[in-house]
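Colleague: Sending over a structure as structure tokens; questions will come in a sec.
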Amino acid sequence: MAEEKKLFKVTIDNITVDVEPGTTILNAARLIGGEVAPPAMCYYSKLKGSGGKCRTCLVEVAAGSTADPRPMPKLVASCRTTVMDGMIVKNITSERVIDARNGVVEFLLLNHPLDCPVCDQAGECHLQDLSYEHGKEGTRYEFNRRTFKKHDLGEYIQLHMTRCILCYRCVFTADQLTNKREHGVLDRGDHSEIATFIEKSLHNDFIGNVIDVCPVGALTDKTFRFKNRVWFTKPMDAHRDCPKCSGEVQLWMRGEEVYRVTARKDEWGEVKDTTDGKPGWICNECRFEKKEARDWVIEGPSHIDRHSVISQGHYEKLVTPKDTLPEVMGGRPPKLIMDIHDVSEVNRPEIKLSEIEGPAHSDDFNQ
Amino acid sequence: MAVKLLLDKAHVEGIRTYEVYRREGGYRSVEKALKQMSPDAVTEEVKKSGLRGRGGAGFPAGMKWSFLAKPEGIPRHLVCNADESEPGTFKDRYLMEFLPHLLIEGLIVASYALGSNATYIYIRGEYAWIPDILEHAIEEAKANGFLGKNILGTGFDCEIYVQRGAGAYICGEETALIESLEGKRGNPRIKPPFPAVKGVWDRPTVVNNVETLAAVVPIINMGGEEYAKIGVGKSTGTKLISACGNINKPGVYEIDMTISVEEFIYSDEYCGGIANGKRLKACIPGGSSVPILPANLLLKTAKGETRYMNYESLSDGGFATGSMMGSGGFIVLDEDQCVVKNTYTLARFYRHESCGQCSPCREGTGWMEKILKKIDSGKGSKSDIDLLWDIQRKIEGNTICPLGDAAAWPVAAAIRHFRDEFEWHVNNPQECLTRNYGLAHYADPRPVAV
């Protein structure tokens, strides 16, 4: 008999959770959820090797493990650090973490153009959320920002490096979803850029997924660019029979028109697993070419977190209360507790209101 | 005369060739180690010697070797880090250029201790002429049976390959070096796993500096305990210092770590004093990444004790009043040098060399450079100095690899010790373009020469 797998106890922000050995701090925190989960701009659970780069998920390890309770001297990237039994982690309860995270947000925004008003990602941008939660209202940077020219990566995708935060997610996606390496980083330091060597277009049935993984608006869908704002569209779960992918997608509709097709996302902004448990990457045909409502079997409105700006102007199904009043009251019918007519002195039943001419006056009652 | 273990034969005519090197007692350590000692005994000897890594961090080499994972059936590798790119450091170049066989000898012994049958020398691209020297030395060693199959009839096989880098400072970081060696972009890996578990091609790997590996030769020849007697405290053996800047005799010196900083700068045996009769202003004692020290704190520690050229004494006082031994790149600044300009130059270097993987280093180094340029050109304001301090604080410790720290430390130390000079630049925007600040309170504490 195999011994039952021992679970590790890890305490994050004073909340203890049991996780399997080998889980990262970030994923353990996501089990708890809410504010305890550190923000992640580069980590993507479905991409091997991702994470560790953006440094937004830095946390303080106050005690390494039960066996060795020494704290870790530096803040660690929670997405790449595995938990130990008895580890105590401080995320939002640590001043150091908050301070460092403020710094990272400032660094990320340093060269970011902040052109949200004209950016297609606005409304579903992770950097927007991150800077809203952890950023400062002003910038201390007074120099010119780095800019790049826009590039077309093939027919459907546009790369706008100026907005890029170099999370490398698209590089991992292109490497891991497709057979060959076609996407990488040129140059180094603050002038490094995502590129296809050199300006090659990307021809691959699944390359459109780089748009979904991009946390900012650096990679955008050319079939959707400037067509609409995401908060004006209604996300609908839909599917079709696709020979290449699962065909389970989210349609972004306005009226009867399909503006955009994306993969379905989970609460962390990552591509959801399909109903048969595989990562729900979708193919280019579903994403870019099926833009008619009749191409799809629409399942209904997708659930959108109510904190998201997309939930504005978005109608989910009518919800009828499950419990009726007698059910709540354990079978008793609702009882009239007090009849206002019994106690009111104003109401004198002998006076017939219908017989008074014109509006009733206090004099009518004082007779 | 100080003890010389590495460079004692450096001036022998023709020492670069196998014949002369062998005649002068070369390759004795290979014979001793392979024939008389077990690999573990060699590691034990290095441990006993107390040899500390000469690349910069000063981690005990024997300890590093003993951490190497040894899973059954998986090859292990030794990689020699010859990507010496720290500004101010050129000791490894000297070793490889003039004593290539010493490095090869050390590599064979270390490969034997670690069980590496394929050993790599990763050399920086700018050392364009040295790979030929090393490859020639490898050929000679091979022809004489010290490399290749069945070395000296002991059954140990070892090959040494020289791999050139393409000229990136970041490839001196061990995991970036490994990536580059594998033919990928030189981005540091996220640790753990450490190279001792998963290094080159996911095999257990030890990465050591050139000087560390060369020092294995005297350790085996004289025995670890004898070696440990040289030097002081935990700074055992000898250390190569590459001295440069405003001194009379720049060059590579071998010291036994018992001499004081003052002696090192002013004695004729070493640097020979400050050039042109000027006065000492400041010094970066261990390569550009370590904190700069003003003259008063360089010669004496904050407690008023004499500062010595060794790991402990140089770091005495922490970063508040001390510095680090680092890689031994000893950069001396005289009274005519401008600390702001110097810091700006360093910041420009780190900005250029940041790999761009993690955000604090990628964006922060560029920002610091721009602010320093602004202050240097007389356009800065007082708040810029505080901003600079805040930026370096947010980079340090929050990056993937030590390059972020290396970029932050020089800026932090310059502001810590030379804040008045920064403020002078801000307050005198015109004057700072035409003259330098000079010595001020951190003046050279030595009496003025008559």
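Within each chain, counting starts at residue 1; across the structure tokens, chains are named A, B, ... in the order shown, with ligands numbered 1 upward in that order.
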Taking 3 positions as the minimum chain separation for residues in the same chain, which residues sit within 6 Å of Cys283 in chain B when counting only C-alpha atoms? Answer as a ChimeraX atom specification.

Modeller: /B:292-293,331-333

Colleague: Pick out the residues sitting within 7 Å of range 240-256 of chain B, and hand them over as a ChimeraX atom specification; count only C-alpha atoms, and ignore anything fewer than 2 positions along from it in its own chain.

Modeller: /B:2-4,7,88-91,230-231,237-238,258,270-275,328-334

Colleague: Please check the contacts: residues of chain A at most 7 Å away from chain B, using only C-alpha atoms, listed as number ranges by chain.

Modeller: A: 52-55, 74-75, 100, 103-104, 107-108, 110, 188-190, 192

Colleague: CA of Asn284 in chain A and CA of Tyr44 in chain A are how many Å apart?

Modeller: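 Atom-to-atom, CA of Asn284 in chain A to CA of Tyr44 in chain A, that is 20.6 Å.
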
Colleague: Considering only C-alpha atoms, return as a PyMOL selection string whatever protein or nucleic-acid residues lie within 10 Å of Lys6 in chain A, sequence-local ones (same chain, fewer than 3 positions apart) excluded.

Modeller: chain A and resi 3+9+18-21+85

Colleague: For a test of reading the model, state the distance in Å between CA of Gly167 in chain B and CA of Asp83 in chain B, rounded to one decimal.

Modeller: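 Separation between CA of Gly167 in chain B and CA of Asp83 in chain B: 8.4 Å.
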
Colleague: Would you please work out which residue, of A:Phe226, A:Trp268, A:Phe288, A:Trp231, is nearest to Lys46 in chain A when using only C-alpha atoms?

Modeller: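 Going through A:Phe226, A:Trp268, A:Phe288, A:Trp231 one by one, the smallest distance to Lys46 in chain A is for A:Trp268.
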
Colleague: Calculate how many Å separate CA of Ala37 in chain A from CA of Leu109 in chain A, rounding to one decimal.

Modeller: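 Computing it gives 21.5 Å between the two atoms.
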
Colleague: Write down as a PDB file with C-alpha atoms, in the first residue's frame the residues belonging to range 140-242 of chain B that are assigned strand (DSSP E) by DSSP computed on the backbone.

Modeller:
ATOM      1  CA  GLY B 148      42.367  12.757 -23.219  1.00  0.00           C
ATOM      2  CA  LYS B 149      41.679   9.113 -22.522  1.00  0.00           C
ATOM      3  CA  ASN B 150      43.240   7.243 -19.633  1.00  0.00           C
ATOM      4  CA  ILE B 151      45.347  10.065 -18.202  1.00  0.00           C
ATOM      5  CA  PHE B 156      40.528   8.860 -15.786  1.00  0.00           C
ATOM      6  CA  ASP B 157      39.357  10.519 -18.992  1.00  0.00           C
ATOM      7  CA  CYS B 158      39.123  14.265 -19.340  1.00  0.00           C
ATOM      8  CA  GLU B 159      38.692  16.680 -22.212  1.00  0.00           C
ATOM      9  CA  ILE B 160      38.829  20.452 -21.911  1.00  0.00           C
ATOM     10  CA  TYR B 161      36.910  22.594 -24.372  1.00  0.00           C
ATOM     11  CA  VAL B 162      37.273  26.326 -24.807  1.00  0.00           C
ATOM     12  CA  GLN B 163      34.041  28.181 -25.512  1.00  0.00           C
ATOM     13  CA  ARG B 164      34.018  31.847 -26.425  1.00  0.00           C
ATOM     14  CA  THR B 205      27.858  21.414 -12.585  1.00  0.00           C
ATOM     15  CA  VAL B 206      30.475  23.343 -10.685  1.00  0.00           C
ATOM     16  CA  VAL B 207      31.394  26.777 -11.993  1.00  0.00           C
ATOM     17  CA  ASN B 208      34.649  28.203 -10.664  1.00  0.00           C
ATOM     18  CA  ASN B 209      36.730  31.241 -11.414  1.00  0.00           C
ATOM     19  CA  GLY B 231      47.188  34.537   4.795  1.00  0.00           C
ATOM     20  CA  VAL B 232      45.071  35.394   7.763  1.00  0.00           C
ATOM     21  CA  SER B 235      41.363  34.626   3.945  1.00  0.00           C
ATOM     22  CA  THR B 236      43.809  31.869   3.180  1.00  0.00           C
ATOM     23  CA  LYS B 239      45.085  36.566  -4.024  1.00  0.00           C
ATOM     24  CA  LEU B 240      45.713  38.245  -7.328  1.00  0.00           C
ATOM     25  CA  ILE B 241      44.893  41.926  -7.287  1.00  0.00           C
ATOM     26  CA  SER B 242      44.620  43.851 -10.506  1.00  0.00           C
TER      27      SER B 242
END

Colleague: List every residue of range 43-209 of chain B that DSSP, applied to the backbone, labels as alpha helix (DSSP H), and write the result as a PyMOL selection string.

Modeller: chain B and resi 43-49+61-66+91-98+100-114+130-143+174-181

Colleague: Only C-alpha atoms, please: the residues just picked out, written as a PDB file, in the first residue's frame.

Modeller:
ATOM      1  CA  THR B  43      38.066  17.782  -2.395  1.00  0.00           C
ATOM      2  CA  GLU B  44      38.942  17.284   1.254  1.00  0.00           C
ATOM      3  CA  GLU B  45      42.323  18.905   0.675  1.00  0.00           C
ATOM      4  CA  VAL B  46      40.704  21.925  -0.986  1.00  0.00           C
ATOM      5  CA  LYS B  47      38.275  22.165   1.909  1.00  0.00           C
ATOM      6  CA  LYS B  48      41.151  22.103   4.376  1.00  0.00           C
ATOM      7  CA  SER B  49      42.932  24.841   2.474  1.00  0.00           C
ATOM      8  CA  ALA B  61      35.480  26.464  -3.017  1.00  0.00           C
ATOM      9  CA  GLY B  62      35.770  23.124  -1.219  1.00  0.00           C
ATOM     10  CA  MET B  63      32.281  23.571   0.164  1.00  0.00           C
ATOM     11  CA  LYS B  64      30.948  24.314  -3.315  1.00  0.00           C
ATOM     12  CA  TRP B  65      32.557  21.144  -4.617  1.00  0.00           C
ATOM     13  CA  SER B  66      31.043  19.046  -1.856  1.00  0.00           C
ATOM     14  CA  LYS B  91      43.828  39.139 -13.194  1.00  0.00           C
ATOM     15  CA  ASP B  92      42.446  36.111 -15.049  1.00  0.00           C
ATOM     16  CA  ARG B  93      43.599  37.509 -18.354  1.00  0.00           C
ATOM     17  CA  TYR B  94      47.118  37.710 -17.003  1.00  0.00           C
ATOM     18  CA  LEU B  95      46.960  34.138 -15.695  1.00  0.00           C
ATOM     19  CA  MET B  96      45.577  32.694 -18.897  1.00  0.00           C
ATOM     20  CA  GLU B  97      47.822  34.681 -21.156  1.00  0.00           C
ATOM     21  CA  PHE B  98      51.099  33.996 -19.407  1.00  0.00           C
ATOM     22  CA  PRO B 100      47.964  28.842 -19.529  1.00  0.00           C
ATOM     23  CA  HIS B 101      49.334  25.519 -18.310  1.00  0.00           C
ATOM     24  CA  LEU B 102      48.727  26.477 -14.687  1.00  0.00           C
ATOM     25  CA  LEU B 103      45.014  26.802 -15.416  1.00  0.00           C
ATOM     26  CA  ILE B 104      44.954  23.570 -17.429  1.00  0.00           C
ATOM     27  CA  GLU B 105      46.731  21.775 -14.584  1.00  0.00           C
ATOM     28  CA  GLY B 106      44.254  23.105 -12.036  1.00  0.00           C
ATOM     29  CA  LEU B 107      41.377  22.133 -14.313  1.00  0.00           C
ATOM     30  CA  ILE B 108      42.580  18.543 -14.643  1.00  0.00           C
ATOM     31  CA  VAL B 109      42.914  18.136 -10.873  1.00  0.00           C
ATOM     32  CA  ALA B 110      39.538  19.742 -10.220  1.00  0.00           C
ATOM     33  CA  SER B 111      37.890  17.656 -12.966  1.00  0.00           C
ATOM     34  CA  TYR B 112      39.326  14.550 -11.318  1.00  0.00           C
ATOM     35  CA  ALA B 113      37.979  15.606  -7.918  1.00  0.00           C
ATOM     36  CA  LEU B 114      34.531  16.347  -9.311  1.00  0.00           C
ATOM     37  CA  ILE B 130      43.532  34.026 -25.451  1.00  0.00           C
ATOM     38  CA  PRO B 131      41.471  31.034 -26.661  1.00  0.00           C
ATOM     39  CA  ASP B 132      44.290  30.266 -29.095  1.00  0.00           C
ATOM     40  CA  ILE B 133      46.814  30.276 -26.267  1.00  0.00           C
ATOM     41  CA  LEU B 134      44.599  28.004 -24.170  1.00  0.00           C
ATOM     42  CA  GLU B 135      43.838  25.662 -27.033  1.00  0.00           C
ATOM     43  CA  HIS B 136      47.499  25.396 -27.824  1.00  0.00           C
ATOM     44  CA  ALA B 137      48.215  24.560 -24.174  1.00  0.00           C
ATOM     45  CA  ILE B 138      45.424  21.947 -24.211  1.00  0.00           C
ATOM     46  CA  GLU B 139      46.950  20.390 -27.344  1.00  0.00           C
ATOM     47  CA  GLU B 140      50.351  20.215 -25.664  1.00  0.00           C
ATOM     48  CA  ALA B 141      48.913  18.707 -22.481  1.00  0.00           C
ATOM     49  CA  LYS B 142      47.047  16.159 -24.565  1.00  0.00           C
ATOM     50  CA  ALA B 143      50.158  15.248 -26.550  1.00  0.00           C
ATOM     51  CA  GLU B 174      27.119  31.338 -13.369  1.00  0.00           C
ATOM     52  CA  THR B 175      23.627  30.406 -14.565  1.00  0.00           C
ATOM     53  CA  ALA B 176      23.742  32.909 -17.426  1.00  0.00           C
ATOM     54  CA  LEU B 177      27.116  31.444 -18.321  1.00  0.00           C
ATOM     55  CA  ILE B 178      25.572  27.992 -18.410  1.00  0.00           C
ATOM     56  CA  GLU B 179      22.722  29.193 -20.632  1.00  0.00           C
ATOM     57  CA  SER B 180      25.212  30.821 -22.957  1.00  0.00           C
ATOM     58  CA  LEU B 181      27.395  27.722 -22.962  1.00  0.00           C
TER      59      LEU B 181
END

Colleague: Excluding same-chain residues fewer than 4 positions from Pro291 in chain B, what lies within 12 Å of it counting only C-alpha atoms, as a count of residues only?

Modeller: 38

Colleague: Val17 in chain A: which residues within 8 Å, counting only C-alpha atoms, same-chain residues fewer than 4 positions away excluded, as a list in words?

Modeller: Lys9, Val10, Thr11, Ile12, Ala28, Leu31 and Ile32 of chain A

Colleague: Pick out the residues sitting within 10 Å of range 114-128 of chain A, and hand them over as a count of residues only; count only C-alpha atoms, and ignore anything fewer than 5 positions along from it in its own chain.

Modeller: 34

Colleague: Considering only C-alpha atoms, can you say which of B:Val339, B:Leu51, B:Leu280, B:Val12 comes closest to Gly223 in chain B?

Modeller: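 Using only C-alpha atoms, Gly223 in chain B sits closest to B:Leu51.
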
Colleague: Write out as a count of residues only which residues come within 8 Å of Asp237 in chain A when counting only C-alpha atoms, dropping same-chain ones fewer than 3 positions away.

Modeller: 10
